[in-house]
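Data file: data_6.pdb. Format and content: PDB, C-alpha atoms, pLDDT in the B column.
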```pdb
ATOM      1  CA  MET A  28     116.480  85.481  50.346  1.00 50.00           C
ATOM      2  CA  LEU A  29     116.087  89.215  49.804  1.00 47.00           C
ATOM      3  CA  GLU A  30     114.177  89.537  53.060  1.00 51.00           C
ATOM      4  CA  LYS A  31     116.940  87.734  54.944  1.00 43.00           C
ATOM      5  CA  VAL A  32     119.607  90.029  53.518  1.00 38.00           C
ATOM      6  CA  SER A  33     117.504  93.070  54.353  1.00 43.00           C
ATOM      7  CA  PHE A  34     117.059  91.837  57.923  1.00 38.00           C
ATOM      8  CA  LEU A  35     120.806  91.344  58.313  1.00 39.00           C
ATOM      9  CA  LEU A  36     121.544  94.804  56.936  1.00 39.00           C
ATOM     10  CA  LEU A  37     118.945  96.334  59.233  1.00 44.00           C
ATOM     11  CA  SER A  38     120.399  94.490  62.219  1.00 48.00           C
ATOM     12  CA  PHE A  39     123.901  95.626  61.315  1.00 46.00           C
ATOM     13  CA  THR A  40     122.764  99.235  61.003  1.00 50.00           C
ATOM     14  CA  LEU A  41     120.928  99.025  64.326  1.00 55.00           C
ATOM     15  CA  ALA A  42     124.034  97.574  65.989  1.00 57.00           C
ATOM     16  CA  GLU A  43     126.166 100.414  64.654  1.00 57.00           C
ATOM     17  CA  GLN A  44     123.729 102.961  66.025  1.00 75.00           C
ATOM     18  CA  LEU A  45     123.342 101.383  69.464  1.00 84.00           C
ATOM     19  CA  CYS A  46     126.831  99.999  70.161  1.00 91.00           C
ATOM     20  CA  LYS A  47     129.710 102.460  70.088  1.00 88.00           C
ATOM     21  CA  PRO A  48     133.004 102.471  72.024  1.00 90.00           C
ATOM     22  CA  GLY A  49     132.636 104.596  75.126  1.00 88.00           C
ATOM     23  CA  ASP A  50     128.834 104.403  75.093  1.00 86.00           C
ATOM     24  CA  PRO A  51     127.441 105.363  78.536  1.00 91.00           C
ATOM     25  CA  ASP A  52     125.395 102.150  78.664  1.00 90.00           C
ATOM     26  CA  GLY A  53     128.101  99.917  77.177  1.00 93.00           C
ATOM     27  CA  TYR A  54     130.931  97.883  78.643  1.00 95.00           C
ATOM     28  CA  LYS A  55     134.319  96.963  77.262  1.00 96.00           C
ATOM     29  CA  VAL A  56     135.434  93.344  77.633  1.00 97.00           C
ATOM     30  CA  ARG A  57     139.038  92.191  77.490  1.00 96.00           C
ATOM     31  CA  LEU A  58     140.096  88.518  77.451  1.00 97.00           C
ATOM     32  CA  SER A  59     143.601  87.146  78.186  1.00 96.00           C
ATOM     33  CA  ILE A  60     143.183  83.608  76.925  1.00 96.00           C
ATOM     34  CA  LYS A  61     146.860  82.810  76.366  1.00 94.00           C
ATOM     35  CA  THR A  62     147.808  84.229  79.744  1.00 94.00           C
ATOM     36  CA  ALA A  63     145.241  82.025  81.459  1.00 95.00           C
ATOM     37  CA  LEU A  64     145.612  78.792  79.495  1.00 95.00           C
ATOM     38  CA  GLY A  65     149.090  78.904  77.947  1.00 94.00           C
ATOM     39  CA  GLU A  66     149.568  76.094  75.435  1.00 93.00           C
ATOM     40  CA  ASN A  67     145.938  75.053  75.906  1.00 94.00           C
ATOM     41  CA  ALA A  68     144.634  78.433  74.771  1.00 95.00           C
ATOM     42  CA  TYR A  69     141.800  78.270  72.258  1.00 96.00           C
ATOM     43  CA  VAL A  70     141.237  80.552  69.288  1.00 95.00           C
ATOM     44  CA  TRP A  71     138.653  83.280  69.702  1.00 96.00           C
ATOM     45  CA  ASN A  72     136.255  83.120  66.777  1.00 96.00           C
ATOM     46  CA  ASP A  73     132.587  83.651  65.879  1.00 96.00           C
ATOM     47  CA  ASN A  74     131.547  80.563  67.819  1.00 97.00           C
ATOM     48  CA  GLU A  75     133.199  81.877  70.986  1.00 97.00           C
ATOM     49  CA  MET A  76     131.544  85.246  70.472  1.00 97.00           C
ATOM     50  CA  PHE A  77     128.167  83.546  70.060  1.00 97.00           C
ATOM     51  CA  LEU A  78     128.792  81.704  73.347  1.00 97.00           C
ATOM     52  CA  PHE A  79     129.643  84.995  75.053  1.00 98.00           C
ATOM     53  CA  ARG A  80     126.455  86.625  73.835  1.00 97.00           C
ATOM     54  CA  ALA A  81     124.479  83.546  74.934  1.00 97.00           C
ATOM     55  CA  THR A  82     125.951  83.662  78.460  1.00 97.00           C
ATOM     56  CA  LEU A  83     125.109  87.371  78.684  1.00 97.00           C
ATOM     57  CA  ALA A  84     121.551  86.651  77.547  1.00 97.00           C
ATOM     58  CA  PHE A  85     121.369  83.989  80.280  1.00 96.00           C
ATOM     59  CA  ALA A  86     122.662  86.461  82.884  1.00 96.00           C
ATOM     60  CA  MET A  87     120.125  89.102  81.843  1.00 96.00           C
ATOM     61  CA  THR A  88     117.249  86.593  81.892  1.00 95.00           C
ATOM     62  CA  LYS A  89     118.284  85.506  85.375  1.00 94.00           C
ATOM     63  CA  GLN A  90     118.486  89.116  86.518  1.00 93.00           C
ATOM     64  CA  PHE A  91     114.975  89.972  85.290  1.00 91.00           C
ATOM     65  CA  ASP A  92     113.529  86.642  86.468  1.00 83.00           C
ATOM     66  CA  GLY A  93     110.994  85.950  83.753  1.00 77.00           C
ATOM     67  CA  GLN A  94     111.770  88.285  80.890  1.00 89.00           C
ATOM     68  CA  GLN A  95     113.509  86.213  78.208  1.00 94.00           C
ATOM     69  CA  PHE A  96     116.592  87.740  76.607  1.00 96.00           C
ATOM     70  CA  GLU A  97     117.969  86.360  73.344  1.00 95.00           C
ATOM     71  CA  VAL A  98     121.402  86.346  71.765  1.00 96.00           C
ATOM     72  CA  SER A  99     120.203  89.077  69.398  1.00 95.00           C
ATOM     73  CA  ASP A 100     119.656  91.345  72.415  1.00 96.00           C
ATOM     74  CA  ILE A 101     123.405  91.371  73.095  1.00 96.00           C
ATOM     75  CA  ILE A 102     124.998  93.721  70.556  1.00 96.00           C
ATOM     76  CA  VAL A 103     128.793  93.638  70.138  1.00 96.00           C
ATOM     77  CA  CYS A 104     131.020  96.119  68.343  1.00 96.00           C
ATOM     78  CA  ASN A 105     134.615  97.311  67.945  1.00 93.00           C
ATOM     79  CA  GLN A 106     136.213  93.865  68.117  1.00 94.00           C
ATOM     80  CA  THR A 107     140.016  93.734  68.080  1.00 94.00           C
ATOM     81  CA  ALA A 108     142.499  90.955  67.316  1.00 90.00           C
ATOM     82  CA  ARG A 109     143.767  91.094  70.914  1.00 89.00           C
ATOM     83  CA  VAL A 110     140.312  89.873  71.945  1.00 94.00           C
ATOM     84  CA  SER A 111     138.594  92.940  73.238  1.00 96.00           C
ATOM     85  CA  PHE A 112     135.243  94.428  72.290  1.00 97.00           C
ATOM     86  CA  TRP A 113     132.340  96.568  73.466  1.00 96.00           C
ATOM     87  CA  PHE A 114     128.799  95.376  74.071  1.00 96.00           C
ATOM     88  CA  VAL A 115     125.401  96.792  74.974  1.00 96.00           C
ATOM     89  CA  VAL A 116     122.166  95.035  75.918  1.00 96.00           C
ATOM     90  CA  THR A 117     118.723  95.871  74.527  1.00 95.00           C
ATOM     91  CA  TYR A 118     115.299  95.042  75.896  1.00 95.00           C
ATOM     92  CA  PRO A 119     113.590  92.277  73.882  1.00 93.00           C
ATOM     93  CA  HIS A 120     110.295  94.119  73.450  1.00 88.00           C
ATOM     94  CA  ASN A 121     111.419  97.555  72.248  1.00 88.00           C
ATOM     95  CA  LYS A 122     115.169  97.302  71.531  1.00 87.00           C
ATOM     96  CA  THR A 123     116.043 100.196  73.808  1.00 92.00           C
ATOM     97  CA  LEU A 124     119.268  99.993  75.758  1.00 94.00           C
ATOM     98  CA  VAL A 125     119.279  98.425  79.217  1.00 95.00           C
ATOM     99  CA  ASP A 126     120.724 100.741  81.839  1.00 94.00           C
ATOM    100  CA  LYS A 127     124.416 100.163  82.558  1.00 93.00           C
ATOM    101  CA  GLN A 128     123.876  99.578  86.287  1.00 93.00           C
ATOM    102  CA  VAL A 129     121.314  96.850  85.537  1.00 95.00           C
ATOM    103  CA  VAL A 130     123.771  95.097  83.220  1.00 95.00           C
ATOM    104  CA  GLU A 131     126.458  95.329  85.914  1.00 95.00           C
ATOM    105  CA  ARG A 132     124.201  93.667  88.497  1.00 94.00           C
ATOM    106  CA  ALA A 133     123.400  90.881  86.024  1.00 95.00           C
ATOM    107  CA  VAL A 134     127.082  90.308  85.253  1.00 96.00           C
ATOM    108  CA  ARG A 135     128.065  90.247  88.921  1.00 94.00           C
ATOM    109  CA  LYS A 136     125.279  87.816  89.787  1.00 93.00           C
ATOM    110  CA  SER A 137     126.315  85.338  87.054  1.00 94.00           C
ATOM    111  CA  ARG A 138     130.053  86.086  86.969  1.00 95.00           C
ATOM    112  CA  ASN A 139     131.120  82.566  87.928  1.00 94.00           C
ATOM    113  CA  ARG A 140     128.936  81.020  85.210  1.00 94.00           C
ATOM    114  CA  ILE A 141     130.355  83.422  82.608  1.00 96.00           C
ATOM    115  CA  ASN A 142     133.956  82.762  83.674  1.00 96.00           C
ATOM    116  CA  SER A 143     133.538  78.992  83.703  1.00 95.00           C
ATOM    117  CA  ALA A 144     132.088  79.024  80.161  1.00 95.00           C
ATOM    118  CA  PHE A 145     135.441  80.307  78.885  1.00 96.00           C
ATOM    119  CA  LEU A 146     137.741  78.626  81.455  1.00 96.00           C
ATOM    120  CA  LEU A 147     138.813  82.063  82.666  1.00 95.00           C
ATOM    121  CA  SER A 148     138.718  84.123  85.855  1.00 94.00           C
ATOM    122  CA  ASP A 149     137.852  87.694  86.869  1.00 93.00           C
ATOM    123  CA  THR A 150     141.416  88.784  86.031  1.00 92.00           C
ATOM    124  CA  THR A 151     141.578  87.119  82.584  1.00 95.00           C
ATOM    125  CA  LEU A 152     137.994  87.888  81.507  1.00 96.00           C
ATOM    126  CA  GLU A 153     137.658  91.540  82.417  1.00 95.00           C
ATOM    127  CA  PHE A 154     134.532  93.632  82.253  1.00 96.00           C
ATOM    128  CA  ILE A 155     136.189  97.041  82.328  1.00 94.00           C
ATOM    129  CA  GLY A 156     134.442  99.127  84.975  1.00 91.00           C
ATOM    130  CA  ILE A 157     132.981  96.154  86.849  1.00 90.00           C
ATOM    131  CA  PRO A 158     135.247  95.248  89.786  1.00 86.00           C
ATOM    132  CA  PRO A 159     136.064  91.563  90.366  1.00 80.00           C
ATOM    133  CA  THR A 160     133.535  89.745  92.465  1.00 70.00           C
ATOM    134  CA  LEU A 161     134.451  88.763  95.980  1.00 57.00           C
ATOM    135  CA  ALA A 162     134.106  85.178  97.147  1.00 47.00           C
ATOM    136  CA  THR A 163     130.991  84.534  99.158  1.00 48.00           C
ATOM    137  CA  PRO A 164     131.923  84.426 102.865  1.00 46.00           C
ATOM    138  CA  VAL A 165     131.782  80.954 104.327  1.00 50.00           C
ATOM    139  CA  ASN A 166     129.269  80.627 107.145  1.00 56.00           C
ATOM    140  CA  PRO A 167     130.492  78.102 109.718  1.00 55.00           C
ATOM    141  CA  SER A 168     128.042  75.306 110.515  1.00 62.00           C
ATOM    142  CA  THR A 169     128.719  75.852 114.235  1.00 68.00           C
ATOM    143  CA  PRO A 170     127.468  79.180 115.688  1.00 69.00           C
ATOM    144  CA  THR A 171     130.214  81.663 116.572  1.00 72.00           C
ATOM    145  CA  TRP A 172     129.081  81.991 120.182  1.00 70.00           C
ATOM    146  CA  LEU A 173     129.345  78.234 120.635  1.00 77.00           C
ATOM    147  CA  ILE A 174     132.900  78.251 119.285  1.00 81.00           C
ATOM    148  CA  VAL A 175     133.867  81.053 121.699  1.00 82.00           C
ATOM    149  CA  PHE A 176     132.181  79.228 124.594  1.00 82.00           C
ATOM    150  CA  GLY A 177     134.085  76.049 123.762  1.00 83.00           C
ATOM    151  CA  VAL A 178     137.409  77.910 123.671  1.00 87.00           C
ATOM    152  CA  VAL A 179     136.729  79.587 127.034  1.00 87.00           C
ATOM    153  CA  MET A 180     135.648  76.337 128.672  1.00 87.00           C
ATOM    154  CA  GLY A 181     138.718  74.585 127.287  1.00 88.00           C
ATOM    155  CA  ALA A 182     140.966  77.278 128.773  1.00 87.00           C
ATOM    156  CA  VAL A 183     139.177  77.018 132.159  1.00 87.00           C
ATOM    157  CA  CYS A 184     139.506  73.210 132.233  1.00 89.00           C
ATOM    158  CA  ALA A 185     143.165  73.452 131.295  1.00 88.00           C
ATOM    159  CA  GLY A 186     143.732  75.941 134.148  1.00 85.00           C
ATOM    160  CA  ILE A 187     141.996  73.655 136.663  1.00 91.00           C
ATOM    161  CA  ILE A 188     144.124  70.696 135.569  1.00 91.00           C
ATOM    162  CA  VAL A 189     147.323  72.748 135.929  1.00 86.00           C
ATOM    163  CA  VAL A 190     146.330  73.864 139.461  1.00 86.00           C
ATOM    164  CA  LEU A 191     145.560  70.286 140.529  1.00 87.00           C
ATOM    165  CA  VAL A 192     148.841  68.958 139.123  1.00 86.00           C
ATOM    166  CA  VAL A 193     150.850  71.715 140.817  1.00 85.00           C
ATOM    167  CA  SER A 194     149.069  71.038 144.147  1.00 84.00           C
ATOM    168  CA  LEU A 195     149.787  67.291 143.944  1.00 85.00           C
ATOM    169  CA  VAL A 196     153.445  67.928 143.125  1.00 84.00           C
ATOM    170  CA  GLN A 197     153.804  70.316 146.062  1.00 84.00           C
ATOM    171  CA  ARG A 198     152.135  67.855 148.467  1.00 84.00           C
ATOM    172  CA  LYS A 199     154.388  65.049 147.295  1.00 82.00           C
ATOM    173  CA  ARG A 200     157.430  67.261 147.676  1.00 81.00           C
ATOM    174  CA  LYS A 201     156.452  68.276 151.231  1.00 80.00           C
ATOM    175  CA  LYS A 202     155.817  64.646 152.126  1.00 78.00           C
ATOM    176  CA  ASN A 203     159.246  63.648 150.860  1.00 77.00           C
ATOM    177  CA  GLU A 204     160.890  66.482 152.772  1.00 72.00           C
ATOM    178  CA  THR A 205     159.081  65.404 155.969  1.00 75.00           C
ATOM    179  CA  ASN A 206     160.217  61.796 155.535  1.00 70.00           C
ATOM    180  CA  GLU A 207     163.786  62.923 154.958  1.00 67.00           C
ATOM    181  CA  ASP A 208     163.740  65.051 158.135  1.00 65.00           C
ATOM    182  CA  THR A 209     162.388  62.110 160.148  1.00 69.00           C
ATOM    183  CA  GLN A 210     165.090  59.801 158.823  1.00 65.00           C
ATOM    184  CA  VAL A 211     167.807  62.306 159.645  1.00 60.00           C
ATOM    185  CA  LYS A 212     166.549  62.732 163.208  1.00 62.00           C
ATOM    186  CA  THR A 213     166.328  58.971 163.666  1.00 62.00           C
ATOM    187  CA  VAL A 214     169.885  58.507 162.445  1.00 56.00           C
ATOM    188  CA  GLU A 215     171.129  61.282 164.699  1.00 57.00           C
ATOM    189  CA  ASN A 216     169.383  59.786 167.771  1.00 60.00           C
ATOM    190  CA  GLY A 217     170.780  56.349 166.994  1.00 57.00           C
ATOM    191  CA  ALA A 218     174.245  57.759 166.622  1.00 54.00           C
ATOM    192  CA  ALA A 219     173.954  59.473 170.000  1.00 52.00           C
ATOM    193  CA  ARG A 220     172.887  56.274 171.719  1.00 54.00           C
ATOM    194  CA  ASP A 221     175.720  54.401 170.122  1.00 53.00           C
ATOM    195  CA  GLY A 222     178.156  57.043 171.293  1.00 52.00           C
ATOM    196  CA  VAL A 223     177.064  56.613 174.941  1.00 50.00           C
ATOM    197  CA  TYR A 224     177.370  52.855 174.701  1.00 47.00           C
ATOM    198  CA  TYR A 225     180.872  52.936 173.346  1.00 49.00           C
ATOM    199  CA  MET A 226     181.909  55.512 175.895  1.00 51.00           C
ATOM    200  CA  SER A 227     180.771  53.279 178.769  1.00 51.00           C
ATOM    201  CA  PHE A 228     182.446  50.287 177.219  1.00 48.00           C
ATOM    202  CA  SER A 229     185.725  52.202 177.012  1.00 51.00           C
ATOM    203  CA  GLU A 230     185.581  53.170 180.695  1.00 53.00           C
ATOM    204  CA  ASP A 231     184.971  49.571 181.763  1.00 54.00           C
ATOM    205  CA  GLU A 232     187.803  48.358 179.575  1.00 52.00           C
ATOM    206  CA  SER A 233     190.232  50.895 181.026  1.00 52.00           C
ATOM    207  CA  SER A 234     189.346  49.928 184.604  1.00 51.00           C
ATOM    208  CA  VAL A 235     189.948  46.246 183.863  1.00 49.00           C
ATOM    209  CA  THR A 236     193.309  47.081 182.338  1.00 51.00           C
ATOM    210  CA  GLN A 237     194.373  49.000 185.436  1.00 52.00           C
ATOM    211  CA  MET A 238     193.564  46.055 187.634  1.00 50.00           C
TER     212      MET A 238
END
```
Is it possible to express this structure as structure tokens?
Amino acid sequence: MLEKVSFLLLSFTLAEQLCKPGDPDGYKVRLSIKTALGENAYVWNDNEMFLFRATLAFAMTKQFDGQQFEVSDIIVCNQTARVSFWFVVTYPHNKTLVDKQVVERAVRKSRNRINSAFLLSDTTLEFIGIPPTLATPVNPSTPTWLIVFGVVMGAVCAGIIVVLVVSLVQRKRKKNETNEDTQVKTVENGAARDGVYYMSFSEDESSVTQM
């Protein structure tokens, strides 16, 4: 029992020495649980803090690809009631601080996993000094050049169709105009012939009357 108490006191003293607000290798975290979840907001307690430290240990292990980080390697200090705190990360083998840039790369690589563990986002679970991660650009399954080629070919085909339709309409219009001209000439010729016939008939009728 005495050994366990001594270990806890030693750990607490080590945490005080290594984790201080504004430490060059530390990061401040701020959570807005009520803003994100409203009525469904959960209470931040020791269990939630343990989960946070566990997710950070996971992120660090993933970053180093083989070196196993434990919850005890994530040291937290300066906790406030508004759910903010500072943390630093120590190497498992010698308990020296991990460089701040290395911690940032680990956080950015596992940011989605960390956010999802607390049902939060980059704007409601803030690592002060680490900008929000950008969504991974979506790579289309179809190559870009093939999409451009398809658009160009579609435009060319549409242009050809328009030209053909316009040509057919113009031919049909010319054909109709030609037929109308022919009908007009035919009517005019018929009218002329009829005029001669009636004129002759009138002359014969007048000569009969005179007799």
Check your understanding: Residues picked by the PyMOL selection byres ((chain A and resi 83-85) around 9) here, as an MDAnalysis selection string?
Key -> chainID A and resid 78:82 86:90 95:101 116 133:134 137 141
Dump as a compact mmCIF listing (two decimals), keeping the file's coordinate frame, selection limited to C-alpha atoms:
```txt
# COMPACT_ATOMS: atom_id res chain seq x y z
CA LEU A 78 128.79 81.70 73.35
CA PHE A 79 129.64 85.00 75.05
CA ARG A 80 126.46 86.62 73.83
CA ALA A 81 124.48 83.55 74.93
CA THR A 82 125.95 83.66 78.46
CA ALA A 86 122.66 86.46 82.88
CA MET A 87 120.12 89.10 81.84
CA THR A 88 117.25 86.59 81.89
CA LYS A 89 118.28 85.51 85.38
CA GLN A 90 118.49 89.12 86.52
CA GLN A 95 113.51 86.21 78.21
CA PHE A 96 116.59 87.74 76.61
CA GLU A 97 117.97 86.36 73.34
CA VAL A 98 121.40 86.35 71.76
CA SER A 99 120.20 89.08 69.40
CA ASP A 100 119.66 91.34 72.42
CA ILE A 101 123.40 91.37 73.10
CA VAL A 116 122.17 95.04 75.92
CA ALA A 133 123.40 90.88 86.02
CA VAL A 134 127.08 90.31 85.25
CA SER A 137 126.32 85.34 87.05
CA ILE A 141 130.35 83.42 82.61
```
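For Val70 (chain A), the set of protein, DNA and RNA residues having any atom at most 10 Å away, when counting only C-alpha atoms and skipping those fewer than 6 positions along the same chain, is Ile60, Lys61 and Val110 of chain A.
Across the structure, CA of Ile157 (chain A) and CA of Gly53 (chain A) are spaced 11.5 Å apart.
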Review point. Could you work out how far CA of Val115 (chain A) lies from CA of Pro48 (chain A), giving the answer in Å with one decimal?
Key: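 Separation between CA of Pro48 (chain A) and CA of Val115 (chain A): 9.9 Å.
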Review point. For the atom pair CA of Asn206 (chain A) and CA of Val193 (chain A), what is the interatomic distance in Å to one decimal place?
Key: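 Computing it gives 20.1 Å between the two atoms.
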Exercise for review: With a distance cut-off of 8 Å and all atoms listed in the file, select the neighbouring residues of Thr160 (chain A), excluding the residue or stretch itself and same-chain residues fewer than 2 positions from it, and output the selection as number ranges by chain.
Suggested key: A: 135, 138, 149, 158, 162
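Closest approach to Ala108 (chain A) from the set A:Gln94, A:Ser148, A:Asn72, A:Ser143 is made by A:Asn72, with distances taken over all atoms listed in the file.
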**Study point:** the PyMOL selection byres ((chain A and resi 123) around 12) resolved against shown file, as JSON, numbers by chain
**Key:** {"A": [41, 42, 44, 45, 46, 52, 100, 101, 102, 115, 116, 117, 118, 119, 120, 121, 122, 124, 125, 126]}
Draw an axis-aligned box tight on the listed atoms of region 148-161 of chain A, then pad every side by 3 Å and write out centre and edge lengths in Å to one decimal as JSON.
```
{"center_x": 137.3, "center_y": 91.6, "center_z": 88.7, "size_x": 14.6, "size_y": 21.0, "size_z": 20.5}
```
